[in-house]
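To start, the structure under review is shown below, and the notes come after it.
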Amino acid sequence: MQAAVTVTPAQIPELLLGLATVRPVFLWGAPGIGKSSLVRKFADSLGMECVSLLGTQLAPEDLIGVPQIRDGRSVFCPPEAIARDEPYCLFLDELNAATPDVQKAFYSLILDRRIGSYELPVGSIVIGAGNRATDNALARPIASALVNRLTHVHLRASAADWLVWAGENGVHPWVTDYLVDRPDHLWSQPPKTEEPFSTPRSWHMLSDALHSFGPDIGEETLKVIVHGTLTPAHAVSFCGYAKIVRHSFGIEAILKGDASWPARLEDRDLLYYLAEAFRGRLVKELPRRREHVSASMRQTAYRAKSLLVQLAEISVEVAQTVIADDVDGQPVLPAWFLVDAARDMPRLVEARR
């Protein structure tokens, strides 16, 4: 299902309060961005127990129940997890990953709020959730009749929301400080191949591992953990950041001339991170138009070109990342600076093309 409008985690409680209390809701979103935890937290806020049913682990009879003979007639007895006396939140997780037969078994719960002769207690709420087919996750089509009886809410990851949550839940400071600088690394599109990718969940996993190993974690162990949880490019960048934290080696020292670009092959992850920080600083400090360049900015641009030359002498590939276009092929750095770079460093700009 395509999302015309998306919401952040901070918007979910208010939306669910107005929607889920009157009609069933389906929460769409990529893996690992916190759909399940948001539903459980919402149920807690209402003082309700949250009963989760995982669509991928159910058979139709797990919902319909088993028949018993009463007064010569068969009666289906719903499972204990569903048949409750007090109002509760029924959370149908991975609903669109369930088989068609299981989805059909959910129909009566969603549409009529009943299974057989059992009806959900008045005040109960029903919320479904699932990943999108575009996330390379297990997802099956939902019948139009069911689609039309659910209110669909599309969730997107929000670094601002997640960092607030992280600060309240003891997430490792390396993780929070890094994502303050690189909020775009909180989430990445699930890859088509079998490899780790960055999500709020995977950053939380990395935080737990960092807490577990403690401050004396070895460099090689750190690489194994980071590359085992994050998108490869993010993992390289985070390892570089960790070296800065440990050795007080930052872009400020390079800009001031107090330090040089790290040239050792084993510090290539650090070099990539510093190059990204350098690029971010140029985007922030250089004006978009040449006529707005002050004397101090001209000095900054001159120093930046000098540092680019030094960086290219170590690695042309890393230097290219500083002047590279964005994912849509649009220049990130000001055009006048790129023109100057092309004149002073034709080899670097040609390699970029």
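Simple scheme: letters A, B, ... for chains in structure tokens order, numbers from 1 for residues in each chain, numbers from 1 for ligands in the order shown.
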Write out as an NGL selection string all residues of segment 121-249 of chain A that backbone DSSP assigns to helix (DSSP H, G or I). :A and (133-135 or 144-147 or 159-168 or 173-181 or 183-185 or 200-213 or 219-227 or 232-247)
Which polymer residues have any atom within 12 Å of an atom of Ile254 of chain A, counting only C-alpha atoms, with same-chain residues fewer than 4 positions away left out, as a ChimeraX atom specification? /A:248-250,258-262,271,274-275,277-278,303-304,306-308,310-311
Would you write out those residues with N, CA and C atoms, as a compact mmCIF listing (two decimals), in the first residue's frame?
```txt
# COMPACT_ATOMS: atom_id res chain seq x y z
N SER A 248 39.89 11.65 20.85
CA SER A 248 39.72 13.11 20.80
C SER A 248 40.25 13.69 19.48
N PHE A 249 39.95 13.00 18.40
CA PHE A 249 40.43 13.38 17.08
C PHE A 249 39.23 13.83 16.26
N GLY A 250 39.10 15.11 15.97
CA GLY A 250 37.93 15.59 15.28
C GLY A 250 38.23 16.50 14.12
N ASP A 258 45.69 21.89 13.27
CA ASP A 258 46.37 21.25 14.39
C ASP A 258 46.55 19.76 14.18
N ALA A 259 45.90 19.21 13.16
CA ALA A 259 46.02 17.78 12.86
C ALA A 259 45.88 17.58 11.37
N SER A 260 46.35 16.44 10.89
CA SER A 260 46.26 16.10 9.46
C SER A 260 45.24 14.99 9.26
N TRP A 261 44.83 14.82 8.01
CA TRP A 261 43.96 13.69 7.71
C TRP A 261 44.66 12.38 8.08
N PRO A 262 43.98 11.44 8.72
CA PRO A 262 44.61 10.15 9.03
C PRO A 262 44.92 9.39 7.75
N LEU A 271 38.72 8.14 8.30
CA LEU A 271 38.87 9.10 7.21
C LEU A 271 37.52 9.38 6.54
N LEU A 274 35.42 11.59 8.90
CA LEU A 274 35.90 12.97 8.91
C LEU A 274 35.55 13.68 7.60
N ALA A 275 35.61 12.94 6.49
CA ALA A 275 35.24 13.54 5.21
C ALA A 275 33.76 13.92 5.20
N ALA A 277 32.01 14.70 7.86
CA ALA A 277 31.89 15.85 8.75
C ALA A 277 32.37 17.12 8.03
N PHE A 278 33.43 17.00 7.24
CA PHE A 278 33.97 18.11 6.46
C PHE A 278 32.93 18.60 5.45
N ARG A 303 40.87 27.42 2.32
CA ARG A 303 41.33 26.36 3.22
C ARG A 303 40.68 25.03 2.87
N ALA A 304 39.40 25.05 2.50
CA ALA A 304 38.68 23.83 2.14
C ALA A 304 39.30 23.17 0.91
N SER A 306 42.37 23.48 -0.11
CA SER A 306 43.67 22.95 0.29
C SER A 306 43.50 21.60 0.99
N LEU A 307 42.50 21.52 1.87
CA LEU A 307 42.25 20.26 2.58
C LEU A 307 41.77 19.17 1.63
N LEU A 308 41.00 19.55 0.60
CA LEU A 308 40.56 18.58 -0.40
C LEU A 308 41.74 17.99 -1.16
N GLN A 310 44.80 17.71 -0.02
CA GLN A 310 45.48 16.80 0.91
C GLN A 310 44.72 15.49 1.06
N LEU A 311 43.39 15.59 1.11
CA LEU A 311 42.57 14.39 1.25
C LEU A 311 42.69 13.51 0.00
```
Which residue out of A:Leu111, A:Leu163, A:Leu53, A:Ala59 has the minimum interatomic distance to Glu94 of chain A when only C-alpha atoms are used?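 Smallest distance to Glu94 of chain A is found for A:Leu53.
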Pick the closest to Gly240 of chain A from A:Arg298, A:Arg268, A:His292, A:Lys256: which is it, counting only C-alpha atoms?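 Checking each candidate against Gly240 of chain A, we get A:Arg268 as the closest.
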Between A:Leu222, A:Leu38, A:Ile82, A:Ile69, which residue has the minimum interatomic distance to Ala242 of chain A, considering only C-alpha atoms?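 Closest residue, counting only C-alpha atoms: A:Leu222.
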Rounded to one decimal in Å, what is the spacing between atom CA of Gly32 of chain A and atom CA of Pro87 of chain A?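 Between atom CA of Gly32 of chain A and atom CA of Pro87 of chain A the gap is 28.4 Å.
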Give me, please, the distance in Å between atom CA of Pro100 of chain A and atom CA of Gly29 of chain A, quoted to one decimal.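 Between atom CA of Pro100 of chain A and atom CA of Gly29 of chain A the gap works out to 20.6 Å.
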One number please: atom CA of Pro121 of chain A to atom CA of Asp85 of chain A, in Å, one decimal.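 The value is 6.3 Å.
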Segment 124-220 of chain A: which residues are strand (DSSP E or B) by DSSP, as a list in words?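 Those in segment 124-220 of chain A that DSSP calls strand (DSSP E or B) are Ile125, Val126, Ile127, Gly128, Ala129, Gly130, Thr151, His152, Val153, His154 and Leu155 of chain A.
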Could you save those same residues with all heavy atoms as a compact mmCIF listing (two decimals), in the first residue's frame?
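Resulting contents of out_17.txt:
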```txt
# COMPACT_ATOMS: atom_id res chain seq x y z
N ILE A 125 -10.33 -2.44 21.90
CA ILE A 125 -9.87 -1.82 20.65
C ILE A 125 -9.09 -2.84 19.85
O ILE A 125 -8.48 -3.76 20.41
CB ILE A 125 -9.01 -0.57 20.91
CG1 ILE A 125 -7.81 -0.89 21.79
CG2 ILE A 125 -9.84 0.54 21.55
CD1 ILE A 125 -6.92 0.31 22.06
N VAL A 126 -9.15 -2.69 18.54
CA VAL A 126 -8.46 -3.61 17.63
C VAL A 126 -7.51 -2.80 16.76
O VAL A 126 -7.93 -1.85 16.07
CB VAL A 126 -9.45 -4.38 16.75
CG1 VAL A 126 -8.70 -5.32 15.80
CG2 VAL A 126 -10.43 -5.17 17.60
N ILE A 127 -6.23 -3.18 16.78
CA ILE A 127 -5.21 -2.50 15.98
C ILE A 127 -4.40 -3.56 15.23
O ILE A 127 -3.93 -4.52 15.85
CB ILE A 127 -4.27 -1.65 16.85
CG1 ILE A 127 -5.06 -0.60 17.63
CG2 ILE A 127 -3.20 -0.97 15.99
CD1 ILE A 127 -4.21 0.20 18.62
N GLY A 128 -4.24 -3.37 13.95
CA GLY A 128 -3.38 -4.24 13.16
C GLY A 128 -2.12 -3.50 12.74
O GLY A 128 -2.07 -2.27 12.78
N ALA A 129 -1.10 -4.23 12.36
CA ALA A 129 0.15 -3.61 11.90
C ALA A 129 0.84 -4.54 10.93
O ALA A 129 0.65 -5.76 10.97
CB ALA A 129 1.06 -3.29 13.09
N GLY A 130 1.65 -3.94 10.06
CA GLY A 130 2.39 -4.77 9.12
C GLY A 130 3.39 -3.96 8.32
O GLY A 130 3.34 -2.72 8.30
N THR A 151 -8.97 1.89 9.14
CA THR A 151 -8.34 3.19 8.93
C THR A 151 -6.84 2.97 8.85
O THR A 151 -6.25 2.39 9.77
CB THR A 151 -8.66 4.16 10.08
OG1 THR A 151 -10.08 4.31 10.17
CG2 THR A 151 -8.03 5.51 9.83
N HIS A 152 -6.21 3.42 7.77
CA HIS A 152 -4.81 3.12 7.52
C HIS A 152 -3.93 4.31 7.87
O HIS A 152 -4.14 5.43 7.39
CB HIS A 152 -4.62 2.73 6.05
CG HIS A 152 -5.43 1.54 5.66
ND1 HIS A 152 -4.93 0.25 5.75
CD2 HIS A 152 -6.72 1.43 5.21
CE1 HIS A 152 -5.86 -0.59 5.37
NE2 HIS A 152 -6.96 0.09 5.04
N VAL A 153 -2.95 4.05 8.73
CA VAL A 153 -2.01 5.08 9.18
C VAL A 153 -0.61 4.63 8.81
O VAL A 153 -0.21 3.50 9.13
CB VAL A 153 -2.11 5.30 10.71
CG1 VAL A 153 -1.07 6.32 11.17
CG2 VAL A 153 -3.52 5.76 11.08
N HIS A 154 0.14 5.49 8.14
CA HIS A 154 1.48 5.15 7.67
C HIS A 154 2.52 5.85 8.54
O HIS A 154 2.55 7.08 8.64
CB HIS A 154 1.66 5.56 6.21
CG HIS A 154 0.77 4.80 5.27
ND1 HIS A 154 1.18 3.68 4.58
CD2 HIS A 154 -0.54 4.98 4.94
CE1 HIS A 154 0.18 3.22 3.85
NE2 HIS A 154 -0.87 4.00 4.05
N LEU A 155 3.38 5.05 9.15
CA LEU A 155 4.38 5.55 10.09
C LEU A 155 5.73 5.71 9.40
O LEU A 155 6.13 4.86 8.59
CB LEU A 155 4.53 4.57 11.26
CG LEU A 155 5.50 4.92 12.38
CD1 LEU A 155 5.02 6.13 13.16
CD2 LEU A 155 5.68 3.72 13.32
```
Write out as number ranges by chain which residues come within 10 Å of segment 195-199 of chain A when counting only C-alpha atoms, dropping same-chain ones fewer than 3 positions away. A: 30-34, 157, 185-192, 202-205, 226-235
Please list as a ChimeraX atom specification every residue within 10 Å of Glu86 of chain A, counting only C-alpha atoms and excluding residues in the same chain fewer than 4 positions away. /A:48-49,120-124
Please produce an output containing C-alpha atoms for each residue in the selection, written as a compact mmCIF listing (two decimals), in the first residue's frame.
```txt
# COMPACT_ATOMS: atom_id res chain seq x y z
CA MET A 48 -5.52 -1.88 29.00
CA GLU A 49 -3.76 -5.17 28.58
CA LEU A 120 -15.07 -8.58 22.46
CA PRO A 121 -15.96 -6.72 25.66
CA VAL A 122 -17.37 -3.25 25.11
CA GLY A 123 -14.52 -0.73 25.08
CA SER A 124 -11.98 -3.12 23.54
```
